[in-house]
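Undergrad: For reference, the file final-v6.tsv (TSV, C-alpha atoms) is included below:
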chain	number	residue	atom	x	y	z
A	1	MET	CA	14.47	-8.09	12.85
A	2	ARG	CA	12.62	-11.11	11.53
A	3	ALA	CA	10.98	-12.22	14.77
A	4	PHE	CA	8.95	-10.02	17.13
A	5	THR	CA	7.16	-10.41	20.44
A	6	ASP	CA	3.44	-9.68	20.75
A	7	GLU	CA	4.06	-6.70	23.05
A	8	PRO	CA	1.75	-3.89	21.86
A	9	VAL	CA	3.07	-0.78	20.14
A	10	ALA	CA	1.43	2.62	20.64
A	11	THR	CA	0.04	4.04	17.41
A	12	GLU	CA	1.03	7.54	18.56
A	13	THR	CA	4.68	6.45	18.74
A	14	ILE	CA	4.52	5.28	15.13
A	15	LEU	CA	2.81	8.50	14.06
A	16	GLU	CA	5.41	10.66	15.80
A	17	CYS	CA	8.23	8.80	14.04
A	18	LEU	CA	6.44	9.24	10.70
A	19	ARG	CA	5.98	12.97	11.29
A	20	LYS	CA	9.70	13.38	11.95
A	21	ALA	CA	10.66	11.13	9.01
A	22	ALA	CA	8.62	13.33	6.69
A	23	ARG	CA	11.48	15.86	6.96
A	24	ALA	CA	13.70	13.45	4.98
A	25	PRO	CA	15.27	14.83	1.78
A	26	SER	CA	12.91	14.97	-1.19
A	27	GLY	CA	13.88	16.20	-4.65
A	28	GLY	CA	11.80	19.23	-5.57
A	29	ASN	CA	10.04	18.75	-2.22
A	30	VAL	CA	7.65	16.38	-4.02
A	31	GLN	CA	7.33	14.14	-0.91
A	32	PRO	CA	5.97	11.19	-2.94
A	33	TRP	CA	5.17	8.86	-0.04
A	34	GLN	CA	1.66	7.93	1.05
A	35	VAL	CA	1.55	5.85	4.23
A	36	SER	CA	-1.03	3.65	5.93
A	37	VAL	CA	-0.52	2.57	9.55
A	38	VAL	CA	-1.83	-0.85	10.62
A	39	ASN	CA	-1.99	-1.67	14.33
A	40	GLY	CA	-4.05	-3.54	16.89
A	41	GLU	CA	-7.30	-4.96	15.55
A	42	ALA	CA	-6.38	-3.92	12.01
A	43	THR	CA	-3.29	-6.14	12.22
A	44	SER	CA	-5.48	-9.08	13.24
A	45	ARG	CA	-7.77	-8.47	10.26
A	46	LEU	CA	-4.81	-8.27	7.89
A	47	ARG	CA	-3.36	-11.52	9.22
A	48	ALA	CA	-6.71	-13.25	8.71
A	49	ILE	CA	-6.86	-12.09	5.10
A	50	MET	CA	-3.28	-13.18	4.46
A	51	GLU	CA	-3.93	-16.63	5.92
A	52	GLU	CA	-6.64	-16.97	3.26
A	53	ARG	CA	-4.19	-15.90	0.55
A	54	LEU	CA	-1.56	-18.33	1.82
A	55	ALA	CA	-4.18	-21.09	1.85
A	56	GLY	CA	-4.87	-20.45	-1.84
A	57	THR	CA	-7.85	-18.09	-1.82
A	58	PRO	CA	-6.96	-15.47	-4.46
A	59	TYR	CA	-7.90	-11.83	-4.67
A	60	PRO	CA	-11.11	-11.55	-6.76
A	61	GLY	CA	-9.98	-11.28	-10.36
A	62	GLY	CA	-6.41	-12.13	-9.44
A	63	GLU	CA	-3.34	-10.04	-8.70
A	64	GLY	CA	0.38	-10.17	-9.27
A	65	PRO	CA	3.65	-8.26	-8.95
A	66	GLU	CA	3.78	-4.79	-10.47
A	67	TYR	CA	7.55	-4.38	-10.39
A	68	HIS	CA	10.75	-6.43	-10.08
A	69	VAL	CA	12.36	-6.38	-6.65
A	70	TYR	CA	15.67	-7.47	-8.20
A	71	PRO	CA	16.92	-7.32	-11.79
A	72	PRO	CA	15.80	-10.47	-13.66
A	73	LYS	CA	19.44	-11.31	-14.41
A	74	LEU	CA	21.37	-10.28	-11.32
A	75	ILE	CA	25.13	-10.10	-11.96
A	76	GLU	CA	28.14	-10.30	-9.65
A	77	PRO	CA	28.91	-9.27	-6.99
A	78	TYR	CA	25.22	-8.61	-6.30
A	79	ARG	CA	24.08	-12.16	-7.06
A	80	THR	CA	26.49	-13.71	-4.54
A	81	ALA	CA	25.62	-11.15	-1.86
A	82	ARG	CA	21.93	-11.96	-2.20
A	83	PHE	CA	22.58	-15.71	-2.18
A	84	GLU	CA	24.81	-15.53	0.90
A	85	VAL	CA	22.35	-13.62	3.04
A	86	GLY	CA	19.66	-16.20	2.32
A	87	GLU	CA	21.95	-19.07	3.18
A	88	ASP	CA	23.13	-17.34	6.34
A	89	MET	CA	19.56	-16.71	7.47
A	90	TYR	CA	18.44	-20.30	6.90
A	91	GLY	CA	21.62	-21.47	8.60
A	92	HIS	CA	20.61	-19.61	11.78
A	93	LEU	CA	17.20	-21.25	11.49
A	94	GLY	CA	18.66	-24.72	10.97
A	95	ILE	CA	16.83	-25.16	7.66
A	96	ALA	CA	18.79	-27.08	5.04
A	97	ARG	CA	19.05	-25.79	1.48
A	98	GLU	CA	17.27	-28.84	0.08
A	99	ASP	CA	14.35	-28.50	2.52
A	100	LYS	CA	12.21	-26.40	0.18
A	101	ALA	CA	9.01	-26.99	2.15
A	102	ALA	CA	10.52	-25.62	5.37
A	103	ARG	CA	11.90	-22.62	3.49
A	104	ARG	CA	8.49	-21.84	1.99
A	105	GLN	CA	6.93	-22.22	5.42
A	106	TRP	CA	9.41	-19.76	6.91
A	107	PHE	CA	8.95	-17.29	4.05
A	108	ALA	CA	5.21	-17.28	4.73
A	109	ASN	CA	6.02	-15.58	8.05
A	110	ASN	CA	6.64	-12.43	6.03
A	111	TYR	CA	2.89	-12.19	5.55
A	112	ARG	CA	2.32	-12.59	9.27
A	113	LEU	CA	4.63	-9.62	9.86
A	114	PHE	CA	7.01	-12.01	11.65
A	115	GLY	CA	4.69	-11.74	14.64
A	116	ALA	CA	4.94	-7.93	14.88
A	117	PRO	CA	1.85	-6.16	16.24
A	118	ALA	CA	2.05	-3.22	13.85
A	119	ALA	CA	3.13	-2.20	10.37
A	120	ILE	CA	3.10	0.57	7.83
A	121	PHE	CA	2.57	0.29	4.10
A	122	CYS	CA	4.13	2.81	1.74
A	123	PHE	CA	2.49	3.76	-1.55
A	124	MET	CA	3.38	6.13	-4.40
A	125	ASP	CA	1.35	7.66	-7.19
A	126	ARG	CA	1.90	5.68	-10.38
A	127	ILE	CA	3.16	8.78	-12.19
A	128	MET	CA	6.32	8.81	-10.04
A	129	LEU	CA	9.75	8.00	-11.47
A	130	PRO	CA	12.96	6.39	-10.10
A	131	PRO	CA	14.13	9.58	-8.30
A	132	GLN	CA	10.92	9.54	-6.26
A	133	TRP	CA	11.53	5.89	-5.36
A	134	SER	CA	14.88	7.12	-4.02
A	135	ASP	CA	13.05	9.76	-1.97
A	136	CYS	CA	10.84	7.04	-0.48
A	137	GLY	CA	13.94	5.04	0.44
A	138	MET	CA	15.36	7.99	2.38
A	139	PHE	CA	12.03	8.58	4.09
A	140	LEU	CA	11.68	4.91	5.08
A	141	GLN	CA	15.22	4.55	6.40
A	142	THR	CA	14.79	7.74	8.43
A	143	PHE	CA	11.58	6.28	9.84
A	144	MET	CA	13.28	2.99	10.75
A	145	LEU	CA	16.11	4.83	12.55
A	146	LEU	CA	13.57	6.88	14.48
A	147	LEU	CA	11.79	3.68	15.52
A	148	GLU	CA	15.10	2.38	16.86
A	149	GLU	CA	15.56	5.61	18.80
A	150	ALA	CA	12.05	5.13	20.24
A	151	GLY	CA	12.95	1.64	21.50
A	152	LEU	CA	11.26	-0.28	18.68
A	153	GLN	CA	12.57	-2.57	15.96
A	154	SER	CA	11.46	-3.05	12.37
A	155	CYS	CA	11.80	-5.08	9.19
A	156	ALA	CA	11.44	-3.57	5.72
A	157	GLN	CA	9.42	-5.97	3.56
A	158	GLU	CA	9.18	-5.78	-0.20
A	159	CYS	CA	7.56	-9.23	-0.16
A	160	TRP	CA	4.19	-7.45	-0.21
A	161	TYR	CA	4.72	-6.64	-3.89
A	162	GLN	CA	3.16	-10.05	-4.58
A	163	TYR	CA	-0.19	-8.94	-3.11
A	164	PRO	CA	-0.59	-5.33	-4.28
A	165	LYS	CA	-4.35	-5.37	-4.74
A	166	THR	CA	-4.99	-7.08	-1.42
A	167	ILE	CA	-2.97	-4.46	0.46
A	168	THR	CA	-4.21	-1.51	-1.58
A	169	ASP	CA	-7.81	-2.50	-0.87
A	170	PHE	CA	-7.11	-3.22	2.79
A	171	CYS	CA	-5.57	0.23	3.24
A	172	GLY	CA	-8.32	1.96	1.28
A	173	MET	CA	-5.93	3.42	-1.27
A	174	PRO	CA	-7.18	4.52	-4.72
A	175	GLU	CA	-6.07	2.68	-7.87
A	176	ASN	CA	-3.62	5.41	-8.88
A	177	MET	CA	-1.52	4.50	-5.83
A	178	MET	CA	1.09	1.77	-6.24
A	179	LEU	CA	2.24	-0.32	-3.28
A	180	PHE	CA	5.99	0.01	-2.70
A	181	CYS	CA	6.62	-1.98	0.49
A	182	GLY	CA	5.63	-2.65	4.07
A	183	ILE	CA	7.54	-2.33	7.33
A	184	ALA	CA	6.82	-4.62	10.29
A	185	ILE	CA	7.10	-2.81	13.64
A	186	GLY	CA	7.43	-4.15	17.15
A	187	HIS	CA	9.81	-5.39	19.85
A	188	GLU	CA	12.59	-7.85	19.09
A	189	ASP	CA	12.16	-11.46	20.12
A	190	THR	CA	15.66	-11.74	21.58
A	191	ALA	CA	15.35	-15.52	22.00
A	192	HIS	CA	14.74	-16.21	18.31
A	193	PRO	CA	17.83	-17.41	16.41
A	194	VAL	CA	16.97	-15.52	13.21
A	195	ASN	CA	17.63	-12.21	14.94
A	196	LYS	CA	21.27	-13.20	15.42
A	197	LEU	CA	21.80	-12.75	11.67
A	198	ARG	CA	24.27	-10.00	10.75
A	199	THR	CA	24.73	-9.48	7.05
A	200	ARG	CA	28.18	-9.36	5.48
A	201	ARG	CA	29.02	-6.14	3.68
A	202	LEU	CA	31.08	-5.90	0.49
A	203	ALA	CA	34.73	-4.95	0.84
A	204	GLU	CA	35.44	-1.26	0.24
A	205	SER	CA	37.49	-2.20	-2.82
A	206	GLU	CA	34.29	-3.43	-4.47
A	207	TRP	CA	32.33	-0.19	-4.16
A	208	LEU	CA	34.51	2.71	-2.97
A	209	SER	CA	36.86	4.95	-4.95
A	210	VAL	CA	38.42	8.36	-4.40
A	211	VAL	CA	38.74	10.78	-7.31
A	212	GLU	CA	42.07	12.63	-7.13
Write out the structure in this file as structure tokens.
TA:
Amino acid sequence: MRAFTDEPVATETILECLRKAARAPSGGNVQPWQVSVVNGEATSRLRAIMEERLAGTPYPGGEGPEYHVYPPKLIEPYRTARFEVGEDMYGHLGIAREDKAARRQWFANNYRLFGAPAAIFCFMDRIMLPPQWSDCGMFLQTFMLLLEEAGLQSCAQECWYQYPKTITDFCGMPENMMLFCGIAIGHEDTAHPVNKLRTRRLAESEWLSVVE
């Protein structure tokens, strides 16, 4: 979901889903995830900070991305898949491709959690390697499915990689912890057109084979 209502979410519901998600597979039982829950007044404080960032007030000393979300030179069919989902989303919103200002304005909603009242942020120790990133992915997807079961919706957001120091400080995490992503949590705004988006999936012939 990319649009939420302001209906409150119980912190205990989020915590219960996290406790269950912590049983997700983890190589060597390392369990590399470290999670901060943001809800209620904390969400309001985070939004206020992010409005300052969006207005141009930087983190003291500056900050920037610590990893690439996508490969710098994305090849096919991945490049087209990424392009199409963006165009489909902006099509639902009625924002033309050439309207860069409107697209930037919409993207800024990421940092407002798309109106969601709650979120989590996932961190990992900087010593972790790609297999532990995979573990975090399984943990986070399990969590998102449990939210759905609990009557909530969510949106995984790697956009926060652009503000790692802001979020690390806000969550009180030590410097050895690296921000992976955030997840917005709340109730779907069923009237918002962006939530009608359904992504196209690649044909089986592009990714599936059977060894005989």
Undergrad: Go through A:Pro8, A:Pro25, A:Pro117, A:Pro65 one by one, measure the shortest atom-to-atom distance of each to Ser44 of chain A using only C-alpha atoms, and give the residue with the smallest value.
TA: A:Pro117
Undergrad: Quote the spacing between atom CA of Ala116 of chain A and atom CA of Ala3 of chain A in Å to one decimal place.
TA: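 So the two atoms, atom CA of Ala116 of chain A and atom CA of Ala3 of chain A, lie 7.4 Å apart.
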Undergrad: For a quick check of understanding, using all atoms listed in the file, which of A:Thr13, A:Thr166, A:Thr190, A:Ser209 has the smallest distance to Glu52 of chain A?
TA: A:Thr166
Undergrad: Can you work out the spacing between atom CA of Tyr78 of chain A and atom CA of Ser134 of chain A in Å, to one decimal?
TA: 19.0 Å
Undergrad: So how far away is atom CA of Leu179 of chain A from atom CA of Leu129 of chain A, in Å?
TA: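 Between these atoms lies a distance of 13.9 Å.
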Undergrad: Take the point (9.2, -17.3, 1.7) in the file's coordinates, draw a sphere of radius 12 Å around it, and report as a ChimeraX atom specification every protein, DNA or RNA residue with an atom inside or on it, counting only C-alpha atoms.
TA: /A:54,86,89-90,100-112,114,157-160,162
Undergrad: Near segment 144-148 of chain A, within 12 Å and counting only C-alpha atoms, which residues show up once chain neighbours fewer than 4 positions away are dropped, as number ranges by chain?
TA: A: 1, 9-24, 119-120, 137-140, 152-156, 182-188
Undergrad: Choose the residue, out of A:Ile167, A:Gln141, A:Glu66, A:Val85, that has the smallest atom-to-atom separation from Met50 of chain A; count only C-alpha atoms.
TA: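 Nearest candidate to Met50 of chain A out of A:Ile167, A:Gln141, A:Glu66, A:Val85: A:Ile167.
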Undergrad: Mind listing as a list in words all residues within 10 Å of (12.9, 1.0, -7.1), counting only C-alpha atoms?
TA: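 Neighbouring residues, ordered by chain and number, come to Tyr67, His68, Val69, Tyr70, Leu129, Pro130, Pro131, Gln132, Trp133, Ser134, Cys136, Gly137 and Phe180 of chain A.
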Undergrad: Using only C-alpha atoms, which of the listed residues (A:Ala191, A:Ala150, A:Ala96, A:Val37) sits closest to Cys122 of chain A?
TA: A:Val37
Undergrad: For Asn176 of chain A, find every residue with an atom within 10 Å (counting all atoms listed in the file), except residues of its own chain fewer than 3 positions away, and show them as a VMD selection string.
TA: chain A and resid 123 to 127 173 179
Undergrad: Output C-alpha atoms of each residue in that selection to a file, as an mmCIF file, in the coordinates of the input.
TA:
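Resulting contents of out.cif:
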data_model
loop_
_atom_site.group_PDB
_atom_site.id
_atom_site.type_symbol
_atom_site.label_atom_id
_atom_site.label_comp_id
_atom_site.auth_asym_id
_atom_site.auth_seq_id
_atom_site.Cartn_x
_atom_site.Cartn_y
_atom_site.Cartn_z
ATOM 1 C CA PHE A 123 2.490 3.760 -1.550
ATOM 2 C CA MET A 124 3.380 6.130 -4.400
ATOM 3 C CA ASP A 125 1.350 7.660 -7.190
ATOM 4 C CA ARG A 126 1.900 5.680 -10.380
ATOM 5 C CA ILE A 127 3.160 8.780 -12.190
ATOM 6 C CA MET A 173 -5.930 3.420 -1.270
ATOM 7 C CA LEU A 179 2.240 -0.320 -3.280
#
Undergrad: What lies within 12 Å of Glu206 of chain A using all atoms listed in the file, ignoring chain neighbours under 5 positions off, as a list in words?
TA: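 The filter keeps Glu76, Pro77, Tyr78, Ala81 and Arg201 of chain A.
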Undergrad: Calculated over only C-alpha atoms, which of the candidates A:Asp135, A:Arg200, A:Arg53, A:Gln34 has the smallest distance to Thr168 of chain A?
TA: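 Going through A:Asp135, A:Arg200, A:Arg53, A:Gln34 one by one, the smallest distance to Thr168 of chain A is for A:Gln34.
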Undergrad: Hey, which of A:Val35, A:Ala203, A:Gly62, A:Gly115 ends up closest to Asp189 of chain A? Count all atoms listed in the file.
TA: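 Among A:Val35, A:Ala203, A:Gly62, A:Gly115, it is A:Gly115 that comes nearest to Asp189 of chain A.
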